[in-house]
Amino acid sequence: MRNWLKIILFLSSYSPLFLIIAILHIKLNDIERVKDIIPQDKQWLIILMLVMFILPNAILFYLINRVRSFQPIREKTNSFVNKNSDVMNYIVTYLIPFLSFDFDKLNQTIAFAILIFVLGIVYIHSEIFYINPILILMGYKIYEINDKYLVITKLIVKRDKKLKLSRIHDNVYIGDEDGSNN
């Protein structure tokens, strides 16, 4: 998988954080006019965070649909492990902005950007791009199947279930129902 795609997937996985940051900087109390909701000095931050929320997710779901058009492999599940709990460990890092970051201070904004950069490098080199809270929110589940495939699917996987797997990267696949008689 190309690094630019891994970066998009990383940004998608942190997109709820970007949405939270945008919401935290919108003025919802004591407003007199609708145009006062977004403070002038916060427009750049709110717009950037909303773009960082929308764009990577649009690319993620485009990728999922595109991958499904590739030649799939067929696999019968002999064993499986639900990996959704890995996402919960990942979400813990979302708490960081609530602890201390104040985007009114340049040094804290730079520190936050460095933190996101470092997390991105770790995410990309750790090959954990399948761990993504957006996928869980959209109804996908993550399974390890037959001790060799990581499968992202909306299906409930059971033993002896036939799956059609479309490869995203190495051992990571999108799983769909296999309607074939094979």
# chains A, B, ... in the order shown; residues from 1 in each chain; ligands from 1
$ closest_atom_pairs --of "segment 116-138 of chain A" --to "segment 46-64 of chain A" --cutoff "12 Å" --atoms "only C-alpha atoms" --output "JSON lines"
{"residue": "A:Phe129", "atom": "CA", "partner": "A:Leu60", "partner_atom": "CA", "distance": 10.9}
{"residue": "A:Tyr130", "atom": "CA", "partner": "A:Leu60", "partner_atom": "CA", "distance": 10.8}
{"residue": "A:Asn132", "atom": "CA", "partner": "A:Leu60", "partner_atom": "CA", "distance": 10.3}
{"residue": "A:Pro133", "atom": "CA", "partner": "A:Asn57", "partner_atom": "CA", "distance": 11.0}
{"residue": "A:Ile134", "atom": "CA", "partner": "A:Asn57", "partner_atom": "CA", "distance": 7.8}
{"residue": "A:Leu135", "atom": "CA", "partner": "A:Leu60", "partner_atom": "CA", "distance": 9.2}
{"residue": "A:Leu137", "atom": "CA", "partner": "A:Asn57", "partner_atom": "CA", "distance": 11.7}
{"residue": "A:Met138", "atom": "CA", "partner": "A:Phe61", "partner_atom": "CA", "distance": 10.0}
$ residues_around --residues "Asn3 of chain A" --least-positions-apart "3" --cutoff "10 Å" --atoms "only C-alpha atoms" --output "list in words"
Lys6, Ile7, Ile8, Leu9, Ile124 and His125 of chain A
$ select_by_dssp --residues "segment 6-63 of chain A" --states "helix (DSSP H, G or I)" --output "VMD selection string"
chain A and resid 6 to 13 15 to 24 34 to 36 40 to 63
$ closest_residue --among "A:Ile121, A:Val157, A:Val151, A:Ala111" --to "Val172 of chain A" --atoms "only C-alpha atoms"
A:Val151
$ residues_around --residues "segment 148-150 of chain A" --least-positions-apart "4" --cutoff "7 Å" --atoms "only C-alpha atoms" --output "list of chain:residue names"
A:Ile142, A:Tyr143, A:Glu144, A:Asn171, A:Val172, A:Tyr173
$ closest_residue --among "A:Leu5, A:Ile152, A:Leu115, A:Leu163" --to "Ile136 of chain A" --atoms "only C-alpha atoms"
A:Ile152
$ atom_distance --atom1 "atom CA of Tyr140 of chain A" --atom2 "atom CA of Leu155 of chain A"
7.7 Å
$ residues_around --residues "Ile21 of chain A" --least-positions-apart "3" --cutoff "12 Å" --atoms "only C-alpha atoms" --output "short mmCIF file (atom, residue, chain, number, x, y, z; two decimals) with C-alpha atoms, in the first residue's frame"
data_model
loop_
_atom_site.label_atom_id
_atom_site.label_comp_id
_atom_site.auth_asym_id
_atom_site.auth_seq_id
_atom_site.Cartn_x
_atom_site.Cartn_y
_atom_site.Cartn_z
CA TYR A 14 -8.38 10.37 13.80
CA SER A 15 -11.18 12.23 12.04
CA PRO A 16 -13.53 12.06 15.06
CA LEU A 17 -10.84 13.91 17.00
CA PHE A 18 -10.75 16.61 14.32
CA LEU A 24 -14.93 22.73 20.87
CA HIS A 25 -14.10 25.95 19.04
CA ILE A 26 -17.59 26.75 17.81
CA LYS A 42 -11.06 30.44 14.90
CA LEU A 45 -8.98 26.05 12.69
CA ILE A 46 -12.64 25.06 12.37
CA ILE A 47 -12.49 24.86 8.56
CA LEU A 48 -9.26 22.86 8.66
CA MET A 49 -10.66 20.44 11.24
CA LEU A 50 -13.90 19.96 9.25
CA VAL A 51 -11.90 19.25 6.09
CA MET A 52 -9.74 16.80 8.08
CA PHE A 53 -12.97 15.10 9.17
CA TYR A 94 -8.53 10.92 21.61
CA LEU A 95 -8.52 12.02 25.23
CA ILE A 96 -5.26 13.92 24.80
CA PRO A 97 -6.76 17.17 23.47
CA PHE A 98 -9.15 17.36 26.40
CA PHE A 101 -4.17 21.60 24.39
CA ASP A 102 -5.18 25.23 23.95
CA PHE A 103 -5.19 26.20 20.27
CA THR A 109 -0.84 24.11 18.56
CA PHE A 112 -0.46 19.03 19.03
#
$ residues_around --residues "segment 77-79 of chain A" --least-positions-apart "3" --cutoff "8 Å" --atoms "only C-alpha atoms" --output "PyMOL selection string"
chain A and resi 145-147+157-163
$ select_by_dssp --residues "segment 14-132 of chain A" --states "strand (DSSP E)" --output "number ranges by chain"
A: 73-76, 80-82
$ write_last_selection --atoms "N, CA and C atoms" --output "PDB file, in the first residue's frame"
ATOM      1  N   ILE A  73     -10.758 -13.368  -3.315  1.00  0.00           N
ATOM      2  CA  ILE A  73     -10.479 -14.769  -3.020  1.00  0.00           C
ATOM      3  C   ILE A  73     -11.639 -15.276  -2.185  1.00  0.00           C
ATOM      4  N   ARG A  74     -11.798 -16.572  -2.145  1.00  0.00           N
ATOM      5  CA  ARG A  74     -12.874 -17.157  -1.356  1.00  0.00           C
ATOM      6  C   ARG A  74     -12.256 -17.941  -0.211  1.00  0.00           C
ATOM      7  N   GLU A  75     -12.854 -17.790   0.944  1.00  0.00           N
ATOM      8  CA  GLU A  75     -12.306 -18.426   2.139  1.00  0.00           C
ATOM      9  C   GLU A  75     -13.446 -18.907   3.025  1.00  0.00           C
ATOM     10  N   LYS A  76     -13.281 -20.086   3.571  1.00  0.00           N
ATOM     11  CA  LYS A  76     -14.225 -20.627   4.545  1.00  0.00           C
ATOM     12  C   LYS A  76     -13.592 -20.457   5.921  1.00  0.00           C
ATOM     13  N   PHE A  80     -11.816 -17.822  13.965  1.00  0.00           N
ATOM     14  CA  PHE A  80     -11.892 -16.369  13.864  1.00  0.00           C
ATOM     15  C   PHE A  80     -11.772 -15.755  15.250  1.00  0.00           C
ATOM     16  N   VAL A  81     -11.257 -14.526  15.270  1.00  0.00           N
ATOM     17  CA  VAL A  81     -11.128 -13.752  16.499  1.00  0.00           C
ATOM     18  C   VAL A  81     -11.646 -12.353  16.208  1.00  0.00           C
ATOM     19  N   ASN A  82     -12.559 -11.873  17.031  1.00  0.00           N
ATOM     20  CA  ASN A  82     -13.080 -10.517  16.889  1.00  0.00           C
ATOM     21  C   ASN A  82     -12.011  -9.546  17.387  1.00  0.00           C
TER      22      ASN A  82
END
